[in-house]
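Below is input.cif, holding mmCIF, C-alpha atoms.
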data_data
#
loop_
_atom_site.label_atom_id
_atom_site.label_comp_id
_atom_site.auth_asym_id
_atom_site.auth_seq_id
_atom_site.Cartn_x
_atom_site.Cartn_y
_atom_site.Cartn_z
CA MET A 1 0.00 0.00 0.00
CA ASP A 2 1.23 3.47 -0.94
CA ARG A 3 0.23 5.60 2.07
CA SER A 4 1.04 8.85 0.27
CA GLN A 5 -1.71 8.24 -2.30
CA SER A 6 -4.29 7.59 0.40
CA ILE A 7 -3.14 10.62 2.41
CA ALA A 8 -3.44 12.85 -0.67
CA LEU A 9 -6.97 11.60 -1.37
CA LEU A 10 -7.94 12.04 2.27
CA ASN A 11 -6.56 15.59 2.38
CA HIS A 12 -8.46 16.46 -0.80
CA ALA A 13 -11.60 15.23 0.95
CA VAL A 14 -10.76 17.30 4.05
CA ALA A 15 -10.62 20.42 1.84
CA ASP A 16 -13.99 19.57 0.28
CA GLU A 17 -15.61 18.90 3.64
CA LEU A 18 -14.24 22.12 5.16
CA GLN A 19 -15.58 23.98 2.14
CA ALA A 20 -19.00 22.45 2.76
CA VAL A 21 -18.89 23.42 6.45
CA HIS A 22 -18.08 27.04 5.60
CA GLN A 23 -20.63 27.25 2.78
CA TYR A 24 -23.45 25.62 4.72
CA MET A 25 -22.87 27.72 7.83
CA TYR A 26 -22.94 30.83 5.64
CA PHE A 27 -26.29 29.64 4.26
CA HIS A 28 -27.51 28.86 7.78
CA PHE A 29 -26.71 32.38 9.03
CA HIS A 30 -28.45 34.08 6.11
CA LEU A 31 -31.51 31.86 6.11
CA ASP A 32 -31.89 32.32 9.85
CA ASP A 33 -31.63 36.08 9.36
CA GLN A 34 -34.40 35.85 6.75
CA GLY A 35 -36.60 34.05 9.29
CA LEU A 36 -36.46 30.71 7.48
CA GLY A 37 -35.80 28.56 10.54
CA PRO A 38 -36.47 25.02 9.26
CA ILE A 39 -34.29 25.29 6.14
CA SER A 40 -31.68 27.21 8.13
CA LEU A 41 -31.49 24.37 10.66
CA LEU A 42 -31.14 21.84 7.83
CA PHE A 43 -28.00 23.60 6.63
CA LYS A 44 -26.66 23.86 10.19
CA ARG A 45 -27.29 20.16 10.90
CA ILE A 46 -25.58 19.08 7.68
CA ALA A 47 -22.64 21.42 8.36
CA ILE A 48 -22.16 19.65 11.68
CA GLU A 49 -22.23 16.28 9.91
CA GLU A 50 -19.59 17.58 7.49
CA MET A 51 -17.44 18.57 10.50
CA MET A 52 -17.68 14.98 11.70
CA HIS A 53 -16.51 13.87 8.26
CA VAL A 54 -13.44 16.11 8.63
CA GLU A 55 -12.71 14.47 11.96
CA ARG A 56 -13.03 10.96 10.51
CA LEU A 57 -10.75 11.86 7.59
CA ALA A 58 -8.19 13.55 9.86
CA GLU A 59 -8.04 10.54 12.17
CA ARG A 60 -7.26 8.29 9.20
CA ILE A 61 -4.59 10.69 7.88
CA LEU A 62 -2.90 10.74 11.27
CA PHE A 63 -3.11 6.95 11.53
CA LEU A 64 -1.32 6.75 8.18
CA LYS A 65 1.36 9.11 9.63
CA GLY A 66 0.35 11.96 7.36
CA GLU A 67 -0.19 15.64 8.04
CA VAL A 68 -3.75 16.97 7.99
CA GLN A 69 -4.01 19.97 5.68
CA MET A 70 -6.73 22.26 7.02
CA VAL A 71 -7.45 24.26 3.88
CA THR A 72 -10.75 24.72 2.07
CA ALA A 73 -11.32 23.88 -1.56
CA GLY A 74 -12.27 27.47 -2.35
CA PRO A 75 -14.07 30.62 -1.23
CA VAL A 76 -17.60 30.76 0.10
CA GLU A 77 -20.18 31.80 -2.49
CA THR A 78 -22.25 34.71 -1.22
CA LEU A 79 -25.71 33.49 -2.15
CA THR A 80 -28.78 34.64 -0.23
CA ASP A 81 -31.64 33.21 -2.32
CA PRO A 82 -32.86 29.90 -0.83
CA MET A 83 -33.25 28.20 -4.24
CA ALA A 84 -29.75 29.25 -5.31
CA MET A 85 -28.42 27.93 -2.00
CA LEU A 86 -30.11 24.57 -2.49
CA LYS A 87 -28.83 24.30 -6.07
CA LYS A 88 -25.29 25.08 -4.90
CA ALA A 89 -25.54 22.55 -2.05
CA MET A 90 -26.84 19.85 -4.39
CA ALA A 91 -24.00 20.49 -6.83
CA MET A 92 -21.47 20.26 -3.98
CA GLU A 93 -22.95 17.00 -2.72
CA ALA A 94 -23.06 15.47 -6.22
CA SER A 95 -19.43 16.44 -6.81
CA SER A 96 -18.39 14.92 -3.48
CA GLN A 97 -20.21 11.69 -4.29
CA ASP A 98 -18.33 11.42 -7.56
CA ASP A 99 -14.97 12.28 -5.97
CA TYR A 100 -15.44 9.86 -3.08
CA ASN A 101 -16.53 7.01 -5.34
CA LYS A 102 -13.36 7.52 -7.39
CA ALA A 103 -11.26 7.77 -4.22
CA ALA A 104 -12.76 4.51 -2.91
CA LEU A 105 -11.84 2.76 -6.15
CA ALA A 106 -8.30 4.19 -6.04
CA CYS A 107 -7.84 3.10 -2.42
CA GLY A 108 -9.16 -0.38 -3.22
CA ALA A 109 -6.69 -0.67 -6.10
CA ASN A 110 -3.97 0.51 -3.70
CA ALA A 111 -4.80 -2.24 -1.15
CA ASP A 112 -6.07 0.27 1.44
CA ALA A 113 -9.38 -1.30 2.41
CA VAL A 114 -9.93 0.87 5.50
CA THR A 115 -9.63 4.16 3.63
CA LYS A 116 -11.81 2.67 0.88
CA GLN A 117 -14.50 1.95 3.48
CA ILE A 118 -14.27 5.49 4.85
CA PHE A 119 -14.87 6.91 1.37
CA GLU A 120 -17.75 4.50 0.77
CA GLY A 121 -19.34 5.64 4.03
CA LEU A 122 -18.96 9.25 3.00
CA VAL A 123 -20.74 8.52 -0.29
CA VAL A 124 -23.73 7.22 1.68
CA ASP A 125 -23.86 10.41 3.76
CA GLU A 126 -23.44 12.71 0.75
CA GLU A 127 -26.25 10.92 -1.10
CA ARG A 128 -28.51 11.45 1.92
CA HIS A 129 -27.54 15.15 2.09
CA PHE A 130 -28.29 15.53 -1.63
CA ASP A 131 -31.69 13.91 -1.09
CA LEU A 132 -32.56 16.26 1.78
CA PHE A 133 -31.61 19.34 -0.26
CA GLU A 134 -33.48 18.01 -3.30
CA LYS A 135 -36.65 17.45 -1.24
CA GLU A 136 -36.51 21.05 0.04
CA MET A 137 -36.12 22.33 -3.51
CA GLU A 138 -39.05 20.20 -4.67
CA LYS A 139 -41.22 21.65 -1.88
CA ILE A 140 -40.33 25.20 -2.90
CA GLU A 141 -41.04 24.38 -6.57
CA ARG A 142 -44.32 22.70 -5.69
CA PHE A 143 -45.69 25.23 -3.18
CA GLY A 144 -43.84 28.34 -4.32
CA PRO A 145 -43.07 31.31 -2.08
CA SER A 146 -45.86 30.21 0.28
CA TYR A 147 -43.70 27.32 1.48
CA LEU A 148 -40.91 29.68 2.52
CA ALA A 149 -43.35 32.20 3.99
CA LEU A 150 -44.83 29.50 6.23
CA GLN A 151 -41.37 28.85 7.67
CA SER A 152 -41.17 32.41 9.00
CA PHE A 153 -44.33 32.22 11.11
CA GLY A 154 -43.52 32.25 14.81
CA GLN A 155 -39.85 33.04 14.29
CA GLY A 156 -40.02 36.42 16.07
CA GLU A 157 -41.74 34.97 19.13
CA ALA A 158 -39.37 32.02 19.26
CA LYS A 159 -36.31 34.25 19.16
CA GLY A 160 -37.74 36.58 21.78
CA THR A 161 -38.54 33.69 24.10
CA ALA A 162 -35.06 32.19 23.74
CA ALA A 163 -33.39 35.48 24.66
CA GLU A 164 -35.34 35.86 27.93
#
Rendering of file as structure tokens:
Amino acid sequence: MDRSQSIALLNHAVADELQAVHQYMYFHFHLDDQGLGPISLLFKRIAIEEMMHVERLAERILFLKGEVQMVTAGPVETLTDPMAMLKKAMAMEASSQDDYNKAALACGANADAVTKQIFEGLVVDEERHFDLFEKEMEKIERFGPSYLALQSFGQGEAKGTAAE
């Protein structure tokens, strides 16, 4: 097994996952500010799952005696429209699925079954994330602006109660 190949693939995944954390938290902040609590919490919850992916990847890198590179894959896109956010998130998840499937195959060919399993597990999570974002988009397309408007009801009272 060539550890350097696995470490490089793992560090590439760390960069992608950190990018997702930053992007999804940005979306969470803006959606929360718009009073769209449920969709805001979806982005926050998935960002936390992505943080756990970073941890899993970092643990494997360290086990392989590599150095964890804590850099993101790129800048955060400053989107504030919920549909644009969902489209961006779905594209990110689809790209990760593709990358992680390829990484799993490369690790399998490199006789690194454990790293292969980590990537396969990440694919499962990314598919689920994609599905959650897709369902939100379908609801917005089906019900229109009314769906988003309904999410804002009770947000002012809830925030006021939490601050007391």
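Of the residues under consideration (A:Ile118, A:Ala73, A:Leu18, A:Leu64), A:Leu18 shows the shortest atom-to-atom contact distance to Ala47 of chain A when counting only C-alpha atoms.
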Residues picked by the PyMOL selection byres ((chain A and resi 123) around 10) here, as a ChimeraX atom specification?
/A:93-94,96-101,104,117-122,124-129
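Those residues returned by the PyMOL selection byres ((chain A and resi 1) around 7) for this file are Asp2, Arg3, Asn110, Ala111 and Asp112 of chain A.
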Would you write out, as an MDAnalysis selection string, every residue that the PyMOL selection byres ((chain A and resi 10) around 12) captures in this file?
chainID A and resid 3:9 11:17 53:64 66:70 99:100 102:104 106:107 112 114:116 118:119 122
Looking at A:Leu132, A:Ala149, A:Glu138, A:Ala20, which one is nearest to Glu77 of chain A, with distances taken over only C-alpha atoms?
A:Ala20
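Distances to Met83 of chain A were evaluated for A:Ile48, A:Pro38, A:Tyr26, A:Glu141 using only C-alpha atoms, and the minimum falls at A:Glu141.
Computed from the coordinates, the atom CA of Ile140 of chain A to atom CA of Glu50 of chain A distance equals 24.4 Å.
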For Lys135 of chain A, the closest of A:Ile39, A:Ala91, A:Leu31, A:Leu79 counting all atoms listed in the file is A:Ile39
Report, in Å with one decimal, the straight-line distance from atom CA of Met51 of chain A to atom CA of Gln151 of chain A.
26.2 Å
Just how far from atom CA of Phe43 of chain A is atom CA of Phe133 of chain A, in Å to one decimal?
8.9 Å
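Residue nearest His28 of chain A, chosen from A:Val71, A:Met52, A:Met90, A:Met85 and counting only C-alpha atoms: A:Met85.
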Considering all atoms listed in the file, state which residue in the set A:Arg142, A:Lys65, A:Lys87, A:Lys44 is at the smallest distance from His30 of chain A.
A:Lys44
Could you add the missing atoms to segment 102-124 of chain A, up to N, CA and C atoms, and return them as a PDB file, in the frame of the given file?
ATOM      1  N   LYS A 102     -14.652   7.696  -6.720  1.00  0.00           N
ATOM      2  CA  LYS A 102     -13.360   7.520  -7.390  1.00  0.00           C
ATOM      3  C   LYS A 102     -12.250   7.262  -6.382  1.00  0.00           C
ATOM      4  N   ALA A 103     -12.282   7.972  -5.256  1.00  0.00           N
ATOM      5  CA  ALA A 103     -11.260   7.770  -4.220  1.00  0.00           C
ATOM      6  C   ALA A 103     -11.355   6.365  -3.634  1.00  0.00           C
ATOM      7  N   ALA A 104     -12.571   5.877  -3.435  1.00  0.00           N
ATOM      8  CA  ALA A 104     -12.760   4.510  -2.910  1.00  0.00           C
ATOM      9  C   ALA A 104     -12.158   3.500  -3.871  1.00  0.00           C
ATOM     10  N   LEU A 105     -12.403   3.675  -5.152  1.00  0.00           N
ATOM     11  CA  LEU A 105     -11.840   2.760  -6.150  1.00  0.00           C
ATOM     12  C   LEU A 105     -10.303   2.824  -6.144  1.00  0.00           C
ATOM     13  N   ALA A 106      -9.762   4.035  -6.056  1.00  0.00           N
ATOM     14  CA  ALA A 106      -8.300   4.190  -6.040  1.00  0.00           C
ATOM     15  C   ALA A 106      -7.699   3.535  -4.797  1.00  0.00           C
ATOM     16  N   CYS A 107      -8.354   3.700  -3.657  1.00  0.00           N
ATOM     17  CA  CYS A 107      -7.840   3.100  -2.420  1.00  0.00           C
ATOM     18  C   CYS A 107      -7.947   1.575  -2.477  1.00  0.00           C
ATOM     19  N   GLY A 108      -9.023   1.065  -3.057  1.00  0.00           N
ATOM     20  CA  GLY A 108      -9.160  -0.380  -3.220  1.00  0.00           C
ATOM     21  C   GLY A 108      -8.059  -0.938  -4.108  1.00  0.00           C
ATOM     22  N   ALA A 109      -7.759  -0.240  -5.188  1.00  0.00           N
ATOM     23  CA  ALA A 109      -6.690  -0.670  -6.100  1.00  0.00           C
ATOM     24  C   ALA A 109      -5.319  -0.564  -5.447  1.00  0.00           C
ATOM     25  N   ASN A 110      -5.229   0.287  -4.414  1.00  0.00           N
ATOM     26  CA  ASN A 110      -3.970   0.510  -3.700  1.00  0.00           C
ATOM     27  C   ASN A 110      -3.870  -0.365  -2.445  1.00  0.00           C
ATOM     28  N   ALA A 111      -4.775  -1.319  -2.300  1.00  0.00           N
ATOM     29  CA  ALA A 111      -4.800  -2.240  -1.150  1.00  0.00           C
ATOM     30  C   ALA A 111      -4.945  -1.518   0.187  1.00  0.00           C
ATOM     31  N   ASP A 112      -5.771  -0.456   0.198  1.00  0.00           N
ATOM     32  CA  ASP A 112      -6.070   0.270   1.440  1.00  0.00           C
ATOM     33  C   ASP A 112      -7.566   0.152   1.684  1.00  0.00           C
ATOM     34  N   ALA A 113      -7.962  -0.996   2.216  1.00  0.00           N
ATOM     35  CA  ALA A 113      -9.380  -1.300   2.410  1.00  0.00           C
ATOM     36  C   ALA A 113     -10.048  -0.387   3.432  1.00  0.00           C
ATOM     37  N   VAL A 114      -9.322   0.028   4.464  1.00  0.00           N
ATOM     38  CA  VAL A 114      -9.930   0.870   5.500  1.00  0.00           C
ATOM     39  C   VAL A 114     -10.277   2.244   4.943  1.00  0.00           C
ATOM     40  N   THR A 115      -9.350   2.854   4.223  1.00  0.00           N
ATOM     41  CA  THR A 115      -9.630   4.160   3.630  1.00  0.00           C
ATOM     42  C   THR A 115     -10.739   4.031   2.590  1.00  0.00           C
ATOM     43  N   LYS A 116     -10.746   2.932   1.855  1.00  0.00           N
ATOM     44  CA  LYS A 116     -11.810   2.670   0.880  1.00  0.00           C
ATOM     45  C   LYS A 116     -13.163   2.667   1.589  1.00  0.00           C
ATOM     46  N   GLN A 117     -13.249   2.001   2.734  1.00  0.00           N
ATOM     47  CA  GLN A 117     -14.500   1.950   3.480  1.00  0.00           C
ATOM     48  C   GLN A 117     -14.914   3.325   3.986  1.00  0.00           C
ATOM     49  N   ILE A 118     -13.954   4.131   4.390  1.00  0.00           N
ATOM     50  CA  ILE A 118     -14.270   5.490   4.850  1.00  0.00           C
ATOM     51  C   ILE A 118     -14.911   6.269   3.698  1.00  0.00           C
ATOM     52  N   PHE A 119     -14.304   6.200   2.511  1.00  0.00           N
ATOM     53  CA  PHE A 119     -14.870   6.910   1.370  1.00  0.00           C
ATOM     54  C   PHE A 119     -16.239   6.379   0.993  1.00  0.00           C
ATOM     55  N   GLU A 120     -16.439   5.075   1.067  1.00  0.00           N
ATOM     56  CA  GLU A 120     -17.750   4.500   0.770  1.00  0.00           C
ATOM     57  C   GLU A 120     -18.800   4.994   1.756  1.00  0.00           C
ATOM     58  N   GLY A 121     -18.419   5.104   3.028  1.00  0.00           N
ATOM     59  CA  GLY A 121     -19.340   5.640   4.030  1.00  0.00           C
ATOM     60  C   GLY A 121     -19.685   7.090   3.783  1.00  0.00           C
ATOM     61  N   LEU A 122     -18.703   7.851   3.318  1.00  0.00           N
ATOM     62  CA  LEU A 122     -18.960   9.250   3.000  1.00  0.00           C
ATOM     63  C   LEU A 122     -19.936   9.388   1.831  1.00  0.00           C
ATOM     64  N   VAL A 123     -19.822   8.493   0.857  1.00  0.00           N
ATOM     65  CA  VAL A 123     -20.740   8.520  -0.290  1.00  0.00           C
ATOM     66  C   VAL A 123     -22.179   8.356   0.201  1.00  0.00           C
ATOM     67  N   VAL A 124     -22.388   7.441   1.130  1.00  0.00           N
ATOM     68  CA  VAL A 124     -23.730   7.220   1.680  1.00  0.00           C
ATOM     69  C   VAL A 124     -24.262   8.504   2.307  1.00  0.00           C
TER      70      VAL A 124
END
